[in-house]
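Below: model-v9.cif (mmCIF, C-alpha atoms and all ligand atoms)
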```cif
data_input
#
loop_
_atom_site.label_atom_id
_atom_site.label_comp_id
_atom_site.auth_asym_id
_atom_site.auth_seq_id
_atom_site.Cartn_x
_atom_site.Cartn_y
_atom_site.Cartn_z
CA MET X 1 8.15 -23.10 -16.76
CA SER X 2 11.79 -23.74 -17.60
CA ASN X 3 11.75 -20.36 -19.28
CA VAL X 4 10.65 -18.79 -16.00
CA ASN X 5 13.37 -20.71 -14.15
CA ALA X 6 15.94 -19.30 -16.54
CA ILE X 7 14.64 -15.74 -16.05
CA LEU X 8 14.79 -16.13 -12.27
CA LYS X 9 18.33 -17.42 -12.48
CA LYS X 10 19.30 -14.36 -14.50
CA ALA X 11 17.38 -12.09 -12.08
CA LYS X 12 19.66 -13.13 -9.21
CA VAL X 13 22.61 -11.42 -10.85
CA SER X 14 21.01 -8.68 -12.92
CA GLY X 15 17.83 -6.66 -13.04
CA ASP X 16 18.22 -6.14 -16.73
CA LEU X 17 15.07 -7.96 -17.88
CA SER X 18 13.15 -7.42 -21.11
CA ARG X 19 9.45 -6.53 -21.37
CA GLU X 20 8.69 -10.15 -22.32
CA GLU X 21 10.70 -11.53 -19.39
CA ILE X 22 8.98 -9.17 -16.95
CA ALA X 23 5.54 -10.10 -18.31
CA ALA X 24 6.44 -13.80 -18.01
CA LEU X 25 7.30 -13.36 -14.31
CA LEU X 26 4.07 -11.43 -13.70
CA SER X 27 2.09 -14.22 -15.37
CA ILE X 28 3.25 -16.92 -12.93
CA THR X 29 0.36 -18.60 -11.12
CA ASN X 30 1.87 -21.95 -10.14
CA GLU X 31 2.46 -21.99 -6.36
CA THR X 32 5.98 -23.43 -6.50
CA MET X 33 7.11 -20.94 -9.11
CA LEU X 34 5.45 -18.09 -7.23
CA GLN X 35 7.43 -18.99 -4.12
CA LYS X 36 10.62 -19.04 -6.22
CA LEU X 37 9.79 -15.58 -7.55
CA TYR X 38 9.18 -14.21 -4.04
CA ASP X 39 12.36 -15.85 -2.68
CA THR X 40 14.43 -14.39 -5.52
CA ALA X 41 13.00 -10.92 -4.86
CA TYR X 42 13.64 -11.30 -1.13
CA ALA X 43 17.25 -12.31 -1.78
CA VAL X 44 17.72 -9.21 -3.97
CA LYS X 45 16.15 -7.05 -1.26
CA ALA X 46 18.40 -8.57 1.46
CA GLU X 47 21.48 -7.97 -0.70
CA PHE X 48 20.70 -4.42 -1.81
CA VAL X 49 18.74 -2.80 1.03
CA GLY X 50 18.90 -5.30 3.92
CA ARG X 51 16.20 -7.04 5.92
CA VAL X 52 14.98 -3.85 7.53
CA ALA X 53 11.49 -2.39 7.41
CA TYR X 54 11.20 1.39 7.68
CA PHE X 55 8.10 3.01 9.13
CA ARG X 56 6.57 6.18 7.76
CA GLY X 57 3.80 7.56 9.93
CA LEU X 58 0.96 8.35 7.54
CA ILE X 59 -1.06 11.48 8.19
CA GLU X 60 -4.13 11.63 5.95
CA CYS X 61 -4.86 15.25 6.67
CA SER X 62 -7.77 16.09 4.38
CA ASN X 63 -10.20 14.40 2.02
CA PHE X 64 -11.12 17.54 0.08
CA CYS X 65 -10.11 16.95 -3.52
CA ILE X 66 -10.35 18.88 -6.76
CA LYS X 67 -9.80 15.73 -8.83
CA ASP X 68 -12.44 13.29 -9.98
CA CYS X 69 -10.67 10.01 -10.76
CA TYR X 70 -13.26 7.35 -11.61
CA TYR X 71 -11.83 4.81 -9.13
CA CYS X 72 -11.31 6.93 -6.04
CA GLY X 73 -13.68 7.07 -3.07
CA ILE X 74 -12.81 10.68 -2.18
CA ARG X 75 -13.27 12.03 -5.72
CA ARG X 76 -14.83 15.47 -5.91
CA SER X 77 -18.20 14.21 -7.21
CA ASN X 78 -18.77 11.71 -4.42
CA GLN X 79 -21.55 13.35 -2.40
CA ASN X 80 -21.56 10.55 0.18
CA VAL X 81 -18.27 11.59 1.76
CA GLU X 82 -18.23 13.83 4.76
CA ARG X 83 -15.30 16.12 4.04
CA PHE X 84 -12.74 16.94 6.74
CA GLN X 85 -9.63 19.05 7.00
CA MET X 86 -7.13 18.82 9.85
CA ASP X 87 -5.73 22.13 10.96
CA GLU X 88 -2.04 22.93 11.25
CA GLU X 89 -1.94 22.06 14.95
CA GLU X 90 -3.52 18.65 14.42
CA ILE X 91 -1.08 17.74 11.65
CA PHE X 92 1.86 18.93 13.75
CA LYS X 93 0.70 16.89 16.75
CA GLU X 94 0.46 13.72 14.69
CA ALA X 95 3.92 14.26 13.21
CA MET X 96 5.29 14.68 16.74
CA TRP X 97 3.56 11.48 17.77
CA ALA X 98 5.43 9.70 14.95
CA HIS X 99 8.68 11.38 16.05
CA GLU X 100 8.23 10.26 19.64
CA ALA X 101 7.24 6.77 18.52
CA GLU X 102 10.69 6.71 16.78
CA TYR X 103 9.23 6.24 13.32
CA GLY X 104 11.96 8.44 11.82
CA SER X 105 9.69 9.89 9.19
CA CYS X 106 6.16 10.88 8.33
CA VAL X 107 4.06 11.22 5.19
CA ILE X 108 1.54 14.01 4.82
CA GLN X 109 -1.10 12.95 2.34
CA SER X 110 -4.40 14.46 1.23
CA GLY X 111 -6.75 14.91 -1.67
CA GLU X 112 -5.51 17.47 -4.15
CA ARG X 113 -5.88 21.19 -3.41
CA GLN X 114 -4.04 23.95 -5.19
CA ASP X 115 -5.28 27.07 -3.37
CA GLU X 116 -2.79 29.39 -1.70
CA ALA X 117 -4.30 29.04 1.79
CA TYR X 118 -3.68 25.29 1.69
CA ILE X 119 -0.23 25.59 0.12
CA ALA X 120 0.84 28.09 2.77
CA MET X 121 -0.57 25.97 5.61
CA ILE X 122 1.43 22.95 4.41
CA GLU X 123 4.53 25.11 4.11
CA ARG X 124 4.16 26.31 7.70
CA VAL X 125 3.53 22.90 9.18
CA VAL X 126 6.46 21.32 7.30
CA ARG X 127 8.70 24.08 8.65
CA ARG X 128 7.46 23.45 12.20
CA ILE X 129 7.96 19.68 11.97
CA ALA X 130 11.46 20.12 10.58
CA ALA X 131 12.38 22.58 13.36
CA ALA X 132 10.81 20.56 16.18
CA SER X 133 12.64 17.39 15.15
CA GLY X 134 15.95 19.25 14.76
CA GLY X 135 15.85 18.45 11.05
CA THR X 136 16.16 14.74 11.79
CA MET X 137 12.73 13.63 10.75
CA GLY X 138 12.08 12.53 7.19
CA ILE X 139 9.15 14.48 5.76
CA THR X 140 7.40 13.02 2.75
CA LEU X 141 4.58 14.79 0.96
CA SER X 142 1.87 13.17 -1.12
CA LEU X 143 -0.29 16.11 -2.10
CA GLY X 144 -0.84 15.67 -5.80
CA GLU X 145 -0.06 17.84 -8.78
CA GLN X 146 1.36 21.29 -8.04
CA THR X 147 3.48 23.86 -9.82
CA GLU X 148 7.25 23.60 -9.63
CA GLU X 149 7.26 26.73 -7.51
CA VAL X 150 5.00 25.12 -4.93
CA TYR X 151 7.13 21.99 -4.89
CA ARG X 152 10.15 24.24 -4.28
CA ARG X 153 8.47 26.16 -1.44
CA TRP X 154 7.64 22.92 0.36
CA LYS X 155 11.15 21.59 -0.26
CA ASP X 156 12.69 24.79 1.13
CA ALA X 157 10.45 24.43 4.18
CA GLY X 158 12.04 21.03 4.93
CA ALA X 159 10.29 18.28 2.94
CA HIS X 160 12.62 15.70 1.35
CA ARG X 161 10.47 13.17 -0.43
CA TYR X 162 7.41 13.34 -2.64
CA LEU X 163 5.03 10.61 -3.77
CA LEU X 164 2.92 11.07 -6.88
CA ARG X 165 1.58 7.97 -8.54
CA ILE X 166 1.39 7.83 -12.32
CA GLU X 167 -1.41 5.23 -11.79
CA THR X 168 -0.80 3.56 -15.20
CA THR X 169 1.54 4.34 -18.10
CA ASN X 170 -0.83 3.02 -20.75
CA PRO X 171 -2.36 6.19 -22.27
CA GLU X 172 -5.64 4.50 -23.29
CA LEU X 173 -6.10 2.97 -19.87
CA TYR X 174 -5.22 6.29 -18.21
CA ALA X 175 -7.90 7.99 -20.32
CA LYS X 176 -10.46 5.34 -19.38
CA ILE X 177 -10.05 5.70 -15.63
CA HIS X 178 -9.83 9.51 -15.50
CA PRO X 179 -11.99 12.40 -16.73
CA ALA X 180 -10.77 14.11 -19.91
CA ASP X 181 -9.15 17.03 -18.07
CA HIS X 182 -6.86 14.73 -16.04
CA SER X 183 -3.65 14.42 -18.02
CA MET X 184 -0.91 11.85 -17.88
CA GLU X 185 1.46 14.32 -19.52
CA VAL X 186 0.88 16.84 -16.72
CA ARG X 187 1.58 14.12 -14.20
CA LYS X 188 4.82 13.18 -15.93
CA ALA X 189 5.81 16.85 -16.03
CA CYS X 190 5.14 17.04 -12.27
CA LEU X 191 7.45 14.07 -11.70
CA GLU X 192 10.13 15.91 -13.69
CA SER X 193 9.58 19.10 -11.67
CA LEU X 194 9.93 17.12 -8.46
CA ARG X 195 13.18 15.65 -9.68
CA ARG X 196 14.54 19.08 -10.68
CA THR X 197 13.58 20.47 -7.31
CA GLY X 198 15.77 17.87 -5.59
CA TYR X 199 13.25 15.59 -3.91
CA GLN X 200 13.62 11.86 -3.54
CA VAL X 201 10.86 11.03 -5.93
CA GLY X 202 8.36 8.21 -5.63
CA THR X 203 5.69 7.06 -7.98
CA GLY X 204 3.71 3.92 -8.66
CA VAL X 205 0.69 2.38 -10.26
CA MET X 206 -2.46 0.46 -9.48
CA MET X 207 -2.58 -3.12 -10.64
CA GLY X 208 -5.61 -5.18 -11.52
CA LEU X 209 -7.38 -2.31 -13.28
CA PRO X 210 -10.11 -3.50 -15.67
CA GLY X 211 -8.54 -4.25 -19.05
CA GLN X 212 -4.93 -3.95 -17.78
CA THR X 213 -2.58 -6.62 -19.15
CA MET X 214 0.69 -8.11 -17.87
CA GLU X 215 2.42 -6.29 -20.73
CA ASP X 216 0.96 -2.98 -19.45
CA LEU X 217 2.38 -3.74 -16.01
CA ALA X 218 5.73 -4.70 -17.55
CA ASP X 219 5.74 -1.31 -19.29
CA ASP X 220 4.94 0.34 -15.95
CA ILE X 221 7.98 -1.28 -14.33
CA LEU X 222 10.18 -0.28 -17.26
CA PHE X 223 8.88 3.28 -16.94
CA LEU X 224 9.90 3.34 -13.26
CA LYS X 225 13.34 2.22 -14.33
CA ALA X 226 13.58 4.68 -17.24
CA ILE X 227 12.85 7.70 -15.04
CA ASP X 228 15.35 6.39 -12.48
CA ILE X 229 12.84 6.53 -9.63
CA ASP X 230 13.96 6.46 -5.97
CA MET X 231 10.83 5.07 -4.34
CA VAL X 232 7.80 3.10 -5.40
CA GLY X 233 4.39 2.91 -3.79
CA MET X 234 1.88 0.80 -5.62
CA GLY X 235 -1.08 -1.31 -4.77
CA PRO X 236 -3.94 -3.36 -6.09
CA TYR X 237 -7.00 -1.57 -7.37
CA ILE X 238 -9.97 -2.20 -5.08
CA PRO X 239 -13.46 -1.12 -6.18
CA HIS X 240 -15.25 1.55 -4.14
CA SER X 241 -19.02 1.34 -4.39
CA ASP X 242 -19.56 5.12 -4.63
CA THR X 243 -17.39 5.54 -7.74
CA PRO X 244 -18.16 5.10 -11.45
CA MET X 245 -15.70 2.20 -11.74
CA GLY X 246 -16.93 0.58 -8.53
CA GLN X 247 -20.47 0.67 -9.81
CA GLU X 248 -19.53 -1.13 -13.00
CA ILE X 249 -17.73 -3.92 -11.20
CA PRO X 250 -19.22 -5.02 -7.88
CA ALA X 251 -17.19 -5.78 -4.76
CA TYR X 252 -14.54 -8.49 -5.10
CA THR X 253 -15.41 -12.09 -4.32
CA ASP X 254 -12.95 -13.98 -2.10
CA ALA X 255 -11.33 -15.49 -5.19
CA GLU X 256 -10.94 -12.05 -6.76
CA LYS X 257 -9.41 -10.73 -3.55
CA SER X 258 -6.80 -13.50 -3.56
CA ALA X 259 -6.02 -12.86 -7.21
CA ALA X 260 -5.66 -9.11 -6.55
CA LEU X 261 -3.36 -9.76 -3.59
CA GLN X 262 -1.27 -12.19 -5.62
CA LEU X 263 -0.87 -9.68 -8.44
CA GLY X 264 0.07 -6.97 -5.91
CA LEU X 265 2.77 -9.22 -4.44
CA LYS X 266 4.08 -10.22 -7.86
CA MET X 267 4.42 -6.57 -8.87
CA ILE X 268 6.40 -5.81 -5.71
CA ALA X 269 8.64 -8.82 -6.32
CA VAL X 270 9.35 -8.04 -9.97
CA THR X 271 9.86 -4.33 -9.24
CA ARG X 272 12.44 -5.26 -6.58
CA ILE X 273 14.16 -7.60 -9.03
CA VAL X 274 14.35 -4.99 -11.79
CA LEU X 275 15.09 -1.86 -9.74
CA ARG X 276 17.26 -3.46 -6.99
CA ASP X 277 18.12 -0.66 -4.51
CA ILE X 278 15.03 1.57 -4.37
CA ASN X 279 12.56 1.88 -1.50
CA ILE X 280 9.32 0.00 -2.09
CA ALA X 281 6.28 0.47 0.11
CA ALA X 282 3.91 -2.34 1.00
CA ALA X 283 0.65 -0.47 0.38
CA THR X 284 -2.21 -0.49 2.86
CA ALA X 285 -4.45 -1.72 0.03
CA LEU X 286 -2.66 -5.10 0.40
CA GLN X 287 -3.97 -5.32 3.93
CA ALA X 288 -7.51 -4.58 2.76
CA LEU X 289 -7.32 -7.81 0.78
CA GLU X 290 -5.81 -9.91 3.55
CA TYR X 291 -4.95 -8.97 7.12
CA THR X 292 -1.25 -9.86 6.78
CA GLY X 293 -1.02 -8.44 3.24
CA ARG X 294 1.61 -5.83 4.11
CA GLU X 295 3.89 -8.33 5.87
CA GLN X 296 3.57 -10.56 2.84
CA GLY X 297 4.65 -7.52 0.82
CA LEU X 298 7.84 -7.29 2.93
CA LYS X 299 8.54 -10.97 2.23
CA CYS X 300 8.24 -10.28 -1.50
CA GLY X 301 10.64 -7.35 -1.62
CA ALA X 302 9.00 -4.27 -0.09
CA ASN X 303 11.00 -2.45 2.64
CA VAL X 304 8.69 0.38 3.74
CA ILE X 305 5.41 0.32 5.65
CA MET X 306 3.24 3.34 6.27
CA PRO X 307 1.29 2.87 9.52
CA ASN X 308 -1.65 5.18 9.74
CA LEU X 309 -1.44 8.00 12.29
CA THR X 310 -4.67 9.69 11.39
CA GLU X 311 -6.95 10.27 14.35
CA THR X 312 -9.51 7.50 14.58
CA GLU X 313 -12.44 9.88 14.12
CA PHE X 314 -11.21 10.90 10.64
CA ARG X 315 -10.31 7.46 9.38
CA PRO X 316 -13.68 6.26 8.10
CA LYS X 317 -13.83 9.45 6.03
CA TYR X 318 -10.62 8.69 4.16
CA GLN X 319 -11.90 5.69 2.26
CA LEU X 320 -10.19 5.52 -1.11
CA TYR X 321 -11.55 1.99 -1.57
CA ASP X 322 -14.01 -0.26 0.25
CA ASN X 323 -13.02 -2.13 3.43
CA LYS X 324 -9.98 -0.04 4.21
CA PRO X 325 -8.34 -1.76 7.22
CA CYS X 326 -7.78 -0.40 10.74
CA THR X 327 -10.36 2.36 10.40
CA ASP X 328 -11.41 1.86 14.02
CA GLU X 329 -7.98 1.73 15.63
CA ASN X 330 -5.73 4.51 16.84
CA SER X 331 -2.07 5.07 16.06
CA ALA X 332 -0.70 3.42 19.20
CA MET X 333 -2.56 0.23 18.39
CA CYS X 334 -1.21 0.30 14.87
CA ARG X 335 2.37 0.62 16.12
CA GLY X 336 1.99 -2.31 18.49
CA CYS X 337 0.29 -4.73 16.16
CA LEU X 338 2.51 -3.93 13.21
CA SER X 339 5.81 -4.12 15.11
CA GLY X 340 4.88 -7.54 16.44
CA ARG X 341 3.96 -8.85 13.03
CA ILE X 342 7.14 -7.53 11.42
CA LYS X 343 9.42 -9.03 14.05
CA GLY X 344 7.44 -12.22 13.52
CA ILE X 345 8.74 -12.47 9.96
CA GLY X 346 12.35 -11.99 11.10
CA GLU X 347 12.94 -8.39 10.06
CA THR X 348 14.27 -5.48 12.09
CA ILE X 349 12.48 -2.16 12.16
CA GLY X 350 14.53 0.91 11.31
CA PHE X 351 13.41 2.94 14.33
CA ASN X 352 14.69 6.54 14.43
CA GLU X 353 16.08 6.24 10.94
CA ARG X 354 14.97 8.36 8.06
CA GLY X 355 15.48 5.39 5.79
CA ASP X 356 16.44 7.39 2.72
CA SER X 357 16.37 5.55 -0.56
CA LEU X 358 19.83 4.06 -1.16
CA HIS X 359 19.20 4.58 -4.84
CA TYR X 360 18.77 8.30 -4.22
CA ARG X 361 21.92 8.48 -2.14
CA LYS X 362 23.91 6.80 -4.85
CA ARG X 363 22.30 9.00 -7.50
CA VAL X 364 23.29 12.22 -5.75
CA GLY X 365 26.67 10.83 -4.68
CA GLU X 366 26.12 10.76 -0.89
N1 LIG X 401 -8.12 1.20 -5.10
C1 LIG X 401 -6.80 1.22 -4.85
N2 LIG X 401 -6.07 2.34 -4.79
C2 LIG X 401 -6.73 3.52 -4.96
N3 LIG X 401 -6.28 4.80 -4.96
C3 LIG X 401 -7.33 5.62 -5.17
N4 LIG X 401 -8.44 4.90 -5.32
C4 LIG X 401 -8.10 3.58 -5.20
C5 LIG X 401 -8.82 2.36 -5.26
N5 LIG X 401 -10.12 2.33 -5.49
C6 LIG X 401 -4.86 5.14 -4.85
C7 LIG X 401 -4.38 5.91 -6.07
C8 LIG X 401 -3.88 7.21 -5.50
C9 LIG X 401 -3.61 6.84 -4.06
C10 LIG X 401 -3.61 8.00 -3.11
O1 LIG X 401 -4.65 5.95 -3.74
O2 LIG X 401 -3.30 5.20 -6.68
O3 LIG X 401 -2.71 7.70 -6.13
FE1 LIG X 402 -7.67 11.13 -7.92
FE2 LIG X 402 -8.49 10.43 -5.34
S1 LIG X 402 -9.49 11.74 -6.81
S2 LIG X 402 -6.82 9.61 -6.55
#
```

Please go through the file and, once you have read it, give me the structure as structure tokens.
Ligand code: 5AD
Ligand code: FES
Amino acid sequence: MSNVNAILKKAKVSGDLSREEIAALLSITNETMLQKLYDTAYAVKAEFVGRVAYFRGLIECSNFCIKDCYYCGIRRSNQNVERFQMDEEEIFKEAMWAHEAEYGSCVIQSGERQDEAYIAMIERVVRRIAAASGGTMGITLSLGEQTEEVYRRWKDAGAHRYLLRIETTNPELYAKIHPADHSMEVRKACLESLRRTGYQVGTGVMMGLPGQTMEDLADDILFLKAIDIDMVGMGPYIPHSDTPMGQEIPAYTDAEKSAALQLGLKMIAVTRIVLRDINIAAATALQALEYTGREQGLKCGANVIMPNLTETEFRPKYQLYDNKPCTDENSAMCRGCLSGRIKGIGETIGFNERGDSLHYRKRVGE
């Protein structure tokens, strides 16, 4: 324990921790030490990015997907999903709702599609959102692997940020949770393309995957640092019953849920400690494990929350994992309940601010 105390003391002044030190922090289970870890991460967050939570209105615009990840509820082979696709007008309307609700930015997310009709539709709607908000609104895309040319087209249309999770940086684990034609190297190349194209780039991993160790997660954090990432979105793995991985391991017991939440919070805390000034999202998956999971994420170092804007009718169809929260609420209810809970933990909400990653601004010399 004294070792952990020494690491936390060092962490207050520097994020320069070794793989062993990171794994030691992730292995904490003692309640007192956990609280010390979270408090240290919160102090680093307050110093580097302030006690402000930024909202990104999340538009889950389609659950069609050409990928077949073994963990994901909307994987191509899942016959039990009713597929939906919002049209351009619906996406635009939701983005304008976020604009009027003063969220400052939106995220357009969907299953992966690489056909020209889809690419062109996204390009048009991004252009419309950028024009209608006078270029003020932050537009983040989370639309999977694409060619550099496609990334450039969407960037030219007005998108600024892109999220593409690496999921895990352990090659054996990556191969276990994906079909053979899903490649980690391609994903890394996409992250490089995104960087070249000028986006603020975000990536992240799932934690609590079967067979994943604390050393794997330490390597994941060091990877985020090595590629000089601007934003991180990561969350606990939660089994979905209609997936190959979900069928191997049944739904979490209450004790497993608490353990998954705790690991999710520890990863946020240690990522904040190591990477200091990046944006870190408190993933919705945290809330699936416990109602206040996302607020707990903010207390452990996250500074971004992505309230769901997707029309209530579509929400049950966008189930990446079981028990996804708020699937029967609409966006206005989400804004109200979230704002109240965030103020309740003593943070301000960055309304009408794009909330660009400070790390990105420093990196490009703004
Ligand atoms: N549990 C948690 N996260 C999941 N994702 C997909 N399936 C699951 C699951 N069962 C995450 C992946 C993907 C993001 C859109 O959702 O990390 O990148
Ligand atoms: Fe790959 Fe959904 S199919 S994350």

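Of the listed residues X:Ala53, X:Met306, X:Met267, X:Ala255, the one whose atoms come nearest to Asp219 of chain X is X:Met267, with distances taken using all atoms listed in the file.
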
Which residues of chain X come within 7 Å of ligand LIG 401 (chain X), and for each one, what is the closest pair of atoms and their distance in Å to one decimal, counting only C-alpha atoms and all ligand atoms, sorted by chain and residue number, as JSON lines?
```
{"residue": "X:Tyr71", "atom": "CA", "partner": "X:LIG401", "partner_atom": "N5", "distance": 4.7}
{"residue": "X:Cys72", "atom": "CA", "partner": "X:LIG401", "partner_atom": "N4", "distance": 3.6}
{"residue": "X:Gly73", "atom": "CA", "partner": "X:LIG401", "partner_atom": "N4", "distance": 6.1}
{"residue": "X:Leu164", "atom": "CA", "partner": "X:LIG401", "partner_atom": "O3", "distance": 6.6}
{"residue": "X:Arg165", "atom": "CA", "partner": "X:LIG401", "partner_atom": "O3", "distance": 4.9}
{"residue": "X:Glu167", "atom": "CA", "partner": "X:LIG401", "partner_atom": "O2", "distance": 5.4}
{"residue": "X:Val205", "atom": "CA", "partner": "X:LIG401", "partner_atom": "O2", "distance": 6.1}
{"residue": "X:Met206", "atom": "CA", "partner": "X:LIG401", "partner_atom": "O2", "distance": 5.6}
{"residue": "X:Met234", "atom": "CA", "partner": "X:LIG401", "partner_atom": "O2", "distance": 6.9}
{"residue": "X:Gly235", "atom": "CA", "partner": "X:LIG401", "partner_atom": "N2", "distance": 6.2}
{"residue": "X:Pro236", "atom": "CA", "partner": "X:LIG401", "partner_atom": "C1", "distance": 5.5}
{"residue": "X:Tyr237", "atom": "CA", "partner": "X:LIG401", "partner_atom": "N1", "distance": 3.8}
{"residue": "X:Ile238", "atom": "CA", "partner": "X:LIG401", "partner_atom": "N1", "distance": 3.9}
{"residue": "X:Pro239", "atom": "CA", "partner": "X:LIG401", "partner_atom": "N5", "distance": 4.9}
{"residue": "X:His240", "atom": "CA", "partner": "X:LIG401", "partner_atom": "N5", "distance": 5.4}
{"residue": "X:Ala285", "atom": "CA", "partner": "X:LIG401", "partner_atom": "C1", "distance": 6.2}
{"residue": "X:Leu320", "atom": "CA", "partner": "X:LIG401", "partner_atom": "N4", "distance": 4.6}
{"residue": "X:Tyr321", "atom": "CA", "partner": "X:LIG401", "partner_atom": "N5", "distance": 4.2}
```

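By chain and then residue number, the residues within 10 Å of Lys225 of chain X are Asp16, Asp219, Asp220, Ile221, Leu222, Asp228, Ile229, Asp230, Thr271, Val274 and Leu275 of chain X, counting all atoms listed in the file and disregarding those fewer than 3 positions away in sequence.
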
Residue selection dump (C-alpha atoms) as a PDB file, keeping the file's coordinate frame:
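Dumped everything to out-v6.pdb:
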```pdb
ATOM      1  CA  ASP X  16      18.220  -6.140 -16.730  1.00  0.00           C
ATOM      2  CA  ASP X 219       5.740  -1.310 -19.290  1.00  0.00           C
ATOM      3  CA  ASP X 220       4.940   0.340 -15.950  1.00  0.00           C
ATOM      4  CA  ILE X 221       7.980  -1.280 -14.330  1.00  0.00           C
ATOM      5  CA  LEU X 222      10.180  -0.280 -17.260  1.00  0.00           C
ATOM      6  CA  ASP X 228      15.350   6.390 -12.480  1.00  0.00           C
ATOM      7  CA  ILE X 229      12.840   6.530  -9.630  1.00  0.00           C
ATOM      8  CA  ASP X 230      13.960   6.460  -5.970  1.00  0.00           C
ATOM      9  CA  THR X 271       9.860  -4.330  -9.240  1.00  0.00           C
ATOM     10  CA  VAL X 274      14.350  -4.990 -11.790  1.00  0.00           C
ATOM     11  CA  LEU X 275      15.090  -1.860  -9.740  1.00  0.00           C
TER      12      LEU X 275
END
```

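Residues in contact with ligand LIG 402 (chain X) comprise Asn63, Cys65, Ile66, Lys67, Asp68, Cys69, Tyr70, Tyr71, Cys72, Gly73, Ile74, Arg75, Arg76, Ser110, Gly111, Glu112, Gly144, Arg165, Glu167, His178, His182 and Leu320 of chain X, where contact means an atom-to-atom distance of at most 9 Å counting only C-alpha atoms and all ligand atoms.
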
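A straight line drawn from atom CA of Ala101 of chain X to atom CA of Tyr151 of chain X is 27.9 Å long.
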
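Of note, atom CA of Gly104 of chain X and atom CA of Phe351 of chain X are spaced 6.2 Å apart.
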
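Between Gln146 of chain X and the residues X:Asp242, X:Glu353, X:Glu21, X:Glu116, the shortest atom-to-atom distance, using all atoms listed in the file, involves X:Glu116.
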
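Our summary of the geometry notes that atom CA of Tyr103 of chain X is positioned 22.8 Å from atom CA of Gly204 of chain X.
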